[in-house]
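What follows is a short report on a single structure.
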Protein chains: 2
Amino acid sequence: MNRAKITVEPNQLSFKVERTFNAPRDKVFLAMTEKDKLERWWVGPGYTTRVEHLDAREGGLWRFIQTGDGWEHGFHGYFHMVSPEMIIQTFEYDGLDERGHVTLQKIELMDIGDGKTKLISTSVFLSAEDRDGMIHSGMEEGLQYSYSKLDEILMQDTCQEE
Amino acid sequence: MNRAKITVEPNQLSFKVERTFNAPRDKVFLAMTEKDKLERWWVGPGYTTRVEHLDAREGGLWRFIQTGDGWEHGFHGYFHMVSPEMIIQTFEYDGLDERGHVTLQKIELMDIGDGKTKLISTSVFLSAEDRDGMIHSGMEEGLQYSYSKLDEILMQDTCQEE
């Protein structure tokens, strides 16, 4: 079973996530940039996601709303670069008391042969407090859950085509 | 004389710049978001700057071209947030062999009274190599030069109004 490897170095402003998917790069890229697919996997234990806006091109806005039992959390950002090899975007959680706690995310998708894709995601923060806030938000549990959902939809889509 | 204080901590992915300007915040903000003003101060010893694009709103593109004696360097990015208190944007140097070496910049403008403004700029990088590349690009010399030009145009604009 594929698990995400999360690397958090002390006293750094970043963290890195590595994960292998059993699907070709173009399929993983589509699952990350199409509204319908994103809503199926950007979910967690006890919440769903509504993609309010997804303009996956340079300068385009993305805005997702997570909805749980009696709560909603909004997130948004802008794409700096969008290609099947690399997505670079900003990320901000809308629920904080003040604005400005913005993250820069680089998502690399590498074709590693055998129809598999390795994802390497690097997130950098403007302060150590911002990074620790993200780490302690339940991010790892959410990430493992949503990536396993992504596995499912990649497999379903592959089976439908065969 | 106001000098920029540049803080570079070892083993970090960021650096910080602090600088005081003898002008009210709204004037400093305008000088940072208007094409004509930017072209007068975003210059260095031996080069000028042409603002090709400046759409100073969330999601808007900026693209500047530095021109020296026989060379040109392009830079571009997208605004994540634009207000007189805070500008957050991405930054990429277009002259590298590969794309993806992107910086996230937060520029805070604080009204510190007496018609003065304190600028605190935080830049975070996706890797230590990216940060060191920026530090060793002659950034500090260029920054001190361009901020002293900004002093001049802030003073000129203030005098014209009086």
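In the structure tokens, chains take letters A, B, ... by order of appearance, with residues numbered from 1 within each chain and ligands from 1 in the order shown.
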**Residue contacts of Tyr147 (chain B) (12 Å, only C-alpha atoms) excluding same-chain residues fewer than 2 positions away, as a PyMOL selection string** = chain B and resi 1-5+17-22+28+31-32+38+40-44+119+139-145+149-154
Selection to disk with N, CA and C atoms, as a CSV table (one decimal), in the first residue's frame:
```
chain,number,residue,atom,x,y,z
B,1,MET,N,20.7,58.8,7.6
B,1,MET,CA,20.3,58.2,6.3
B,1,MET,C,19.7,56.8,6.6
B,2,ASN,N,18.6,56.6,6.0
B,2,ASN,CA,18.0,55.3,6.1
B,2,ASN,C,18.7,54.2,5.3
B,3,ARG,N,19.0,53.1,6.0
B,3,ARG,CA,19.6,51.9,5.3
B,3,ARG,C,18.7,50.7,5.5
B,4,ALA,N,18.7,49.8,4.5
B,4,ALA,CA,18.0,48.6,4.6
B,4,ALA,C,18.8,47.6,5.5
B,5,LYS,N,18.1,47.1,6.5
B,5,LYS,CA,18.7,46.0,7.3
B,5,LYS,C,18.3,44.7,6.8
B,17,VAL,N,14.0,41.8,5.1
B,17,VAL,CA,14.6,43.2,4.9
B,17,VAL,C,13.7,44.2,5.7
B,18,GLU,N,14.3,45.1,6.4
B,18,GLU,CA,13.6,46.1,7.1
B,18,GLU,C,14.2,47.5,6.6
B,19,ARG,N,13.3,48.4,6.4
B,19,ARG,CA,13.7,49.7,5.9
B,19,ARG,C,12.7,50.8,6.2
B,20,THR,N,13.1,51.9,6.7
B,20,THR,CA,12.2,53.0,7.0
B,20,THR,C,12.2,54.1,5.9
B,21,PHE,N,11.0,54.6,5.5
B,21,PHE,CA,10.9,55.6,4.5
B,21,PHE,C,10.3,56.8,5.1
B,22,ASN,N,10.8,58.0,4.8
B,22,ASN,CA,10.3,59.3,5.3
B,22,ASN,C,9.1,59.8,4.5
B,28,VAL,N,4.1,55.3,-0.2
B,28,VAL,CA,5.0,54.2,-0.4
B,28,VAL,C,4.3,53.1,-1.2
B,31,ALA,N,3.9,54.0,-4.8
B,31,ALA,CA,5.2,53.9,-5.5
B,31,ALA,C,5.5,52.5,-5.8
B,32,MET,N,4.9,51.5,-5.1
B,32,MET,CA,5.2,50.1,-5.3
B,32,MET,C,4.2,49.5,-6.2
B,38,LEU,N,7.3,52.9,-10.3
B,38,LEU,CA,8.2,51.8,-10.2
B,38,LEU,C,9.4,51.9,-11.2
B,40,ARG,N,10.9,54.4,-12.1
B,40,ARG,CA,11.8,55.4,-11.6
B,40,ARG,C,12.7,54.9,-10.5
B,41,TRP,N,12.3,53.9,-9.7
B,41,TRP,CA,13.1,53.4,-8.6
B,41,TRP,C,13.5,52.0,-8.6
B,42,TRP,N,12.9,51.1,-9.4
B,42,TRP,CA,13.3,49.7,-9.4
B,42,TRP,C,14.5,49.6,-10.4
B,43,VAL,N,15.5,50.3,-10.1
B,43,VAL,CA,16.7,50.4,-11.0
B,43,VAL,C,17.9,50.1,-10.1
B,44,GLY,N,19.0,49.9,-10.7
B,44,GLY,CA,20.3,49.7,-10.0
B,44,GLY,C,21.4,50.4,-10.6
B,119,LEU,N,8.9,49.5,6.3
B,119,LEU,CA,8.7,48.3,5.4
B,119,LEU,C,9.4,47.1,6.0
B,139,MET,N,22.0,41.1,-4.7
B,139,MET,CA,20.7,41.6,-4.3
B,139,MET,C,20.9,42.8,-3.3
B,140,GLU,N,21.8,42.7,-2.3
B,140,GLU,CA,21.9,43.7,-1.3
B,140,GLU,C,22.3,45.1,-1.9
B,141,GLU,N,23.3,45.0,-2.8
B,141,GLU,CA,23.7,46.3,-3.4
B,141,GLU,C,22.6,46.9,-4.2
B,142,GLY,N,21.9,46.0,-5.0
B,142,GLY,CA,20.8,46.5,-5.8
B,142,GLY,C,19.7,47.1,-4.9
B,143,LEU,N,19.4,46.4,-3.8
B,143,LEU,CA,18.3,46.8,-2.9
B,143,LEU,C,18.6,48.2,-2.3
B,144,GLN,N,19.9,48.4,-1.8
B,144,GLN,CA,20.2,49.7,-1.2
B,144,GLN,C,20.1,50.8,-2.2
B,145,TYR,N,20.6,50.5,-3.4
B,145,TYR,CA,20.5,51.5,-4.5
B,145,TYR,C,19.1,51.8,-4.8
B,149,LYS,N,16.8,55.4,-4.4
B,149,LYS,CA,16.1,56.0,-5.5
B,149,LYS,C,14.6,56.2,-5.1
B,150,LEU,N,14.1,55.3,-4.4
B,150,LEU,CA,12.7,55.4,-3.9
B,150,LEU,C,12.6,56.6,-2.9
B,151,ASP,N,13.6,56.7,-2.0
B,151,ASP,CA,13.6,57.9,-1.2
B,151,ASP,C,13.5,59.2,-2.0
B,152,GLU,N,14.3,59.2,-3.1
B,152,GLU,CA,14.3,60.5,-3.9
B,152,GLU,C,12.9,60.8,-4.5
B,153,ILE,N,12.3,59.7,-5.1
B,153,ILE,CA,11.0,60.0,-5.7
B,153,ILE,C,9.9,60.3,-4.7
B,154,LEU,N,10.0,59.7,-3.5
B,154,LEU,CA,9.0,60.0,-2.5
B,154,LEU,C,9.2,61.5,-2.0
```
**Message:** as a VMD selection string, please: every residue in region 26-78 of chain A that DSSP puts in alpha helix (DSSP H).
**Reply:** chain A and resid 26 to 33 35 to 41
Write a file of the selected residues as a compact mmCIF listing (two decimals), in the first residue's frame, keeping N, CA and C atoms.
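Output file selection.txt follows:
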```txt
# COMPACT_ATOMS: atom_id res chain seq x y z
N ASP A 26 -0.40 11.91 -16.45
CA ASP A 26 -1.49 12.75 -16.98
C ASP A 26 -2.78 12.55 -16.20
N LYS A 27 -3.03 11.31 -15.74
CA LYS A 27 -4.26 11.05 -14.97
C LYS A 27 -4.19 11.71 -13.59
N VAL A 28 -3.01 11.64 -12.97
CA VAL A 28 -2.86 12.29 -11.66
C VAL A 28 -3.03 13.81 -11.81
N PHE A 29 -2.44 14.34 -12.86
CA PHE A 29 -2.54 15.79 -13.12
C PHE A 29 -4.01 16.19 -13.32
N LEU A 30 -4.74 15.43 -14.11
CA LEU A 30 -6.17 15.75 -14.33
C LEU A 30 -6.95 15.70 -13.02
N ALA A 31 -6.65 14.69 -12.18
CA ALA A 31 -7.37 14.56 -10.91
C ALA A 31 -7.10 15.75 -10.00
N MET A 32 -5.99 16.45 -10.24
CA MET A 32 -5.64 17.60 -9.39
C MET A 32 -6.13 18.93 -9.96
N THR A 33 -6.62 18.92 -11.18
CA THR A 33 -6.97 20.19 -11.83
C THR A 33 -8.38 20.21 -12.39
N LYS A 35 -12.45 20.02 -11.46
CA LYS A 35 -13.39 20.22 -10.35
C LYS A 35 -14.05 18.91 -9.88
N ASP A 36 -14.64 18.16 -10.82
CA ASP A 36 -15.41 16.97 -10.43
C ASP A 36 -14.52 15.94 -9.75
N LYS A 37 -13.32 15.75 -10.30
CA LYS A 37 -12.41 14.77 -9.69
C LYS A 37 -11.93 15.25 -8.32
N LEU A 38 -11.59 16.53 -8.22
CA LEU A 38 -11.10 17.06 -6.94
C LEU A 38 -12.13 16.89 -5.83
N GLU A 39 -13.39 17.13 -6.16
CA GLU A 39 -14.42 17.02 -5.12
C GLU A 39 -14.57 15.58 -4.62
N ARG A 40 -14.12 14.62 -5.44
CA ARG A 40 -14.22 13.21 -5.02
C ARG A 40 -13.08 12.78 -4.10
N TRP A 41 -11.93 13.46 -4.19
CA TRP A 41 -10.80 12.99 -3.35
C TRP A 41 -10.28 14.02 -2.34
```
Mobile chain A fitted to chain B over all in-order Cα pairs, reported as a short mmCIF file (atom, residue, chain, number, x, y, z; two decimals) with C-alpha atoms, in the first residue's frame:
```
data_model
loop_
_atom_site.label_atom_id
_atom_site.label_comp_id
_atom_site.auth_asym_id
_atom_site.auth_seq_id
_atom_site.Cartn_x
_atom_site.Cartn_y
_atom_site.Cartn_z
CA MET A 1 20.30 58.18 6.32
CA ASN A 2 17.94 55.25 6.13
CA ARG A 3 19.61 51.92 5.27
CA ALA A 4 17.97 48.59 4.66
CA LYS A 5 18.69 46.03 7.35
CA ILE A 6 18.95 42.60 5.78
CA THR A 7 18.68 39.56 8.04
CA VAL A 8 19.89 36.22 6.67
CA GLU A 9 19.77 33.37 9.18
CA PRO A 10 21.90 30.31 8.48
CA ASN A 11 20.05 27.17 7.39
CA GLN A 12 16.81 29.01 6.83
CA LEU A 13 14.79 29.24 3.64
CA SER A 14 14.07 32.93 4.06
CA PHE A 15 15.48 36.38 4.46
CA LYS A 16 14.03 39.55 5.84
CA VAL A 17 14.55 43.18 4.89
CA GLU A 18 13.61 46.15 7.08
CA ARG A 19 13.71 49.74 5.87
CA THR A 20 12.18 53.05 6.99
CA PHE A 21 10.93 55.62 4.48
CA ASN A 22 10.28 59.28 5.32
CA ALA A 23 6.87 59.29 3.63
CA PRO A 24 3.35 58.25 4.57
CA ARG A 25 2.27 54.67 3.91
CA ASP A 26 -0.15 55.50 1.09
CA LYS A 27 2.66 57.18 -0.88
CA VAL A 28 5.00 54.23 -0.41
CA PHE A 29 2.21 51.86 -1.45
CA LEU A 30 1.51 53.89 -4.62
CA ALA A 31 5.22 53.93 -5.49
CA MET A 32 5.16 50.11 -5.31
CA THR A 33 2.04 49.57 -7.39
CA GLU A 34 2.13 52.23 -10.13
CA LYS A 35 4.04 51.57 -13.34
CA ASP A 36 5.51 55.07 -13.82
CA LYS A 37 6.77 55.31 -10.25
CA LEU A 38 8.18 51.78 -10.24
CA GLU A 39 10.20 52.42 -13.38
CA ARG A 40 11.83 55.38 -11.63
CA TRP A 41 13.07 53.46 -8.57
CA TRP A 42 13.26 49.69 -9.44
CA VAL A 43 16.68 50.40 -10.96
CA GLY A 44 20.25 49.64 -10.00
CA PRO A 45 23.80 50.72 -10.67
CA GLY A 46 24.01 50.43 -14.47
CA TYR A 47 20.53 49.26 -15.33
CA THR A 48 16.99 50.51 -15.82
CA THR A 49 13.68 48.71 -15.54
CA ARG A 50 10.75 48.49 -17.93
CA VAL A 51 7.44 47.48 -16.37
CA GLU A 52 5.87 45.26 -19.03
CA HIS A 53 2.84 44.34 -16.98
CA LEU A 54 1.54 45.43 -13.58
CA ASP A 55 -1.94 44.36 -12.61
CA ALA A 56 -1.78 45.10 -8.88
CA ARG A 57 -4.79 43.11 -7.64
CA GLU A 58 -5.26 39.56 -6.36
CA GLY A 59 -4.35 37.11 -9.11
CA GLY A 60 -2.84 39.88 -11.24
CA LEU A 61 0.40 39.41 -13.18
CA TRP A 62 3.48 41.59 -12.79
CA ARG A 63 6.43 41.39 -15.21
CA PHE A 64 9.49 43.66 -15.11
CA ILE A 65 12.50 43.70 -17.46
CA GLN A 66 15.85 45.00 -16.20
CA THR A 67 18.03 46.34 -19.00
CA GLY A 68 21.76 46.95 -18.71
CA ASP A 69 24.56 47.38 -21.20
CA GLY A 70 23.86 44.55 -23.66
CA TRP A 71 21.77 42.42 -21.32
CA GLU A 72 18.17 41.99 -20.17
CA HIS A 73 16.75 40.10 -17.20
CA GLY A 74 13.05 39.34 -16.84
CA PHE A 75 11.15 38.72 -13.61
CA HIS A 76 7.50 37.93 -13.09
CA GLY A 77 4.96 36.75 -10.57
CA TYR A 78 1.35 36.95 -9.43
CA PHE A 79 -0.23 38.92 -6.62
CA HIS A 80 -1.92 36.87 -3.89
CA MET A 81 -2.96 39.94 -1.87
CA VAL A 82 -2.69 43.70 -2.42
CA SER A 83 -3.50 46.31 0.22
CA PRO A 84 -1.67 49.40 1.58
CA GLU A 85 -0.82 47.34 4.69
CA MET A 86 0.40 44.20 2.95
CA ILE A 87 1.39 42.93 -0.49
CA ILE A 88 1.92 39.18 -0.99
CA GLN A 89 3.21 37.98 -4.34
CA THR A 90 5.17 35.27 -6.09
CA PHE A 91 8.50 36.09 -7.75
CA GLU A 92 10.43 34.17 -10.42
CA TYR A 93 13.58 35.09 -12.33
CA ASP A 94 13.01 34.19 -15.98
CA GLY A 95 16.67 33.65 -16.85
CA LEU A 96 17.18 30.21 -15.29
CA ASP A 97 17.52 27.00 -17.31
CA GLU A 98 14.43 25.48 -15.72
CA ARG A 99 11.27 26.89 -14.26
CA GLY A 100 10.03 26.36 -10.72
CA HIS A 101 12.50 28.39 -8.64
CA VAL A 102 9.76 30.55 -7.21
CA THR A 103 9.86 32.84 -4.17
CA LEU A 104 6.97 33.98 -1.98
CA GLN A 105 7.31 37.61 -0.86
CA LYS A 106 5.35 39.39 1.85
CA ILE A 107 5.81 43.16 2.05
CA GLU A 108 4.32 44.81 5.13
CA LEU A 109 3.99 48.59 5.28
CA MET A 110 3.56 50.00 8.78
CA ASP A 111 2.60 53.59 9.63
CA ILE A 112 5.09 54.45 12.40
CA GLY A 113 3.97 58.06 12.88
CA ASP A 114 5.64 61.39 11.95
CA GLY A 115 4.74 60.70 8.31
CA LYS A 116 7.13 57.73 8.22
CA THR A 117 6.61 54.17 7.03
CA LYS A 118 8.45 51.01 8.01
CA LEU A 119 8.72 48.33 5.37
CA ILE A 120 9.27 44.72 6.45
CA SER A 121 9.78 42.33 3.56
CA THR A 122 9.95 38.56 4.08
CA SER A 123 11.01 36.28 1.22
CA VAL A 124 10.76 32.49 1.47
CA PHE A 125 12.29 30.05 -1.00
CA LEU A 126 11.55 26.47 -2.01
CA SER A 127 15.17 25.44 -1.33
CA ALA A 128 18.29 26.73 0.41
CA GLU A 129 20.02 26.80 -3.02
CA ASP A 130 17.35 29.16 -4.32
CA ARG A 131 17.78 31.47 -1.35
CA ASP A 132 21.57 31.50 -1.58
CA GLY A 133 21.32 32.16 -5.33
CA MET A 134 19.27 35.29 -4.62
CA ILE A 135 21.58 36.45 -1.80
CA HIS A 136 24.67 36.06 -4.00
CA SER A 137 23.11 37.74 -7.06
CA GLY A 138 24.13 41.19 -5.86
CA MET A 139 20.73 41.60 -4.26
CA GLU A 140 21.91 43.68 -1.31
CA GLU A 141 23.74 46.27 -3.44
CA GLY A 142 20.75 46.48 -5.79
CA LEU A 143 18.34 46.84 -2.90
CA GLN A 144 20.24 49.65 -1.16
CA TYR A 145 20.51 51.48 -4.49
CA SER A 146 16.86 51.13 -5.49
CA TYR A 147 15.56 52.06 -2.03
CA SER A 148 17.65 55.24 -2.08
CA LYS A 149 16.06 56.03 -5.48
CA LEU A 150 12.68 55.39 -3.89
CA ASP A 151 13.61 57.89 -1.15
CA GLU A 152 14.30 60.47 -3.88
CA ILE A 153 11.03 60.05 -5.71
CA LEU A 154 9.02 60.01 -2.46
CA MET A 155 10.70 63.31 -1.53
CA GLN A 156 10.15 64.83 -5.01
CA ASP A 157 6.48 63.88 -4.99
CA THR A 158 6.04 65.32 -1.50
CA CYS A 159 7.73 68.62 -2.50
CA GLN A 160 5.59 68.95 -5.65
CA GLU A 161 2.47 68.79 -3.52
CA GLU A 162 3.55 71.43 -1.01
#
```
**Request:** Output as a PyMOL selection string all residues of chain A that backbone DSSP marks as strand (DSSP E).
**Result:** chain A and resi 5-7+14-21+48-54+61-67+72-82+86-93+102-111+117-125
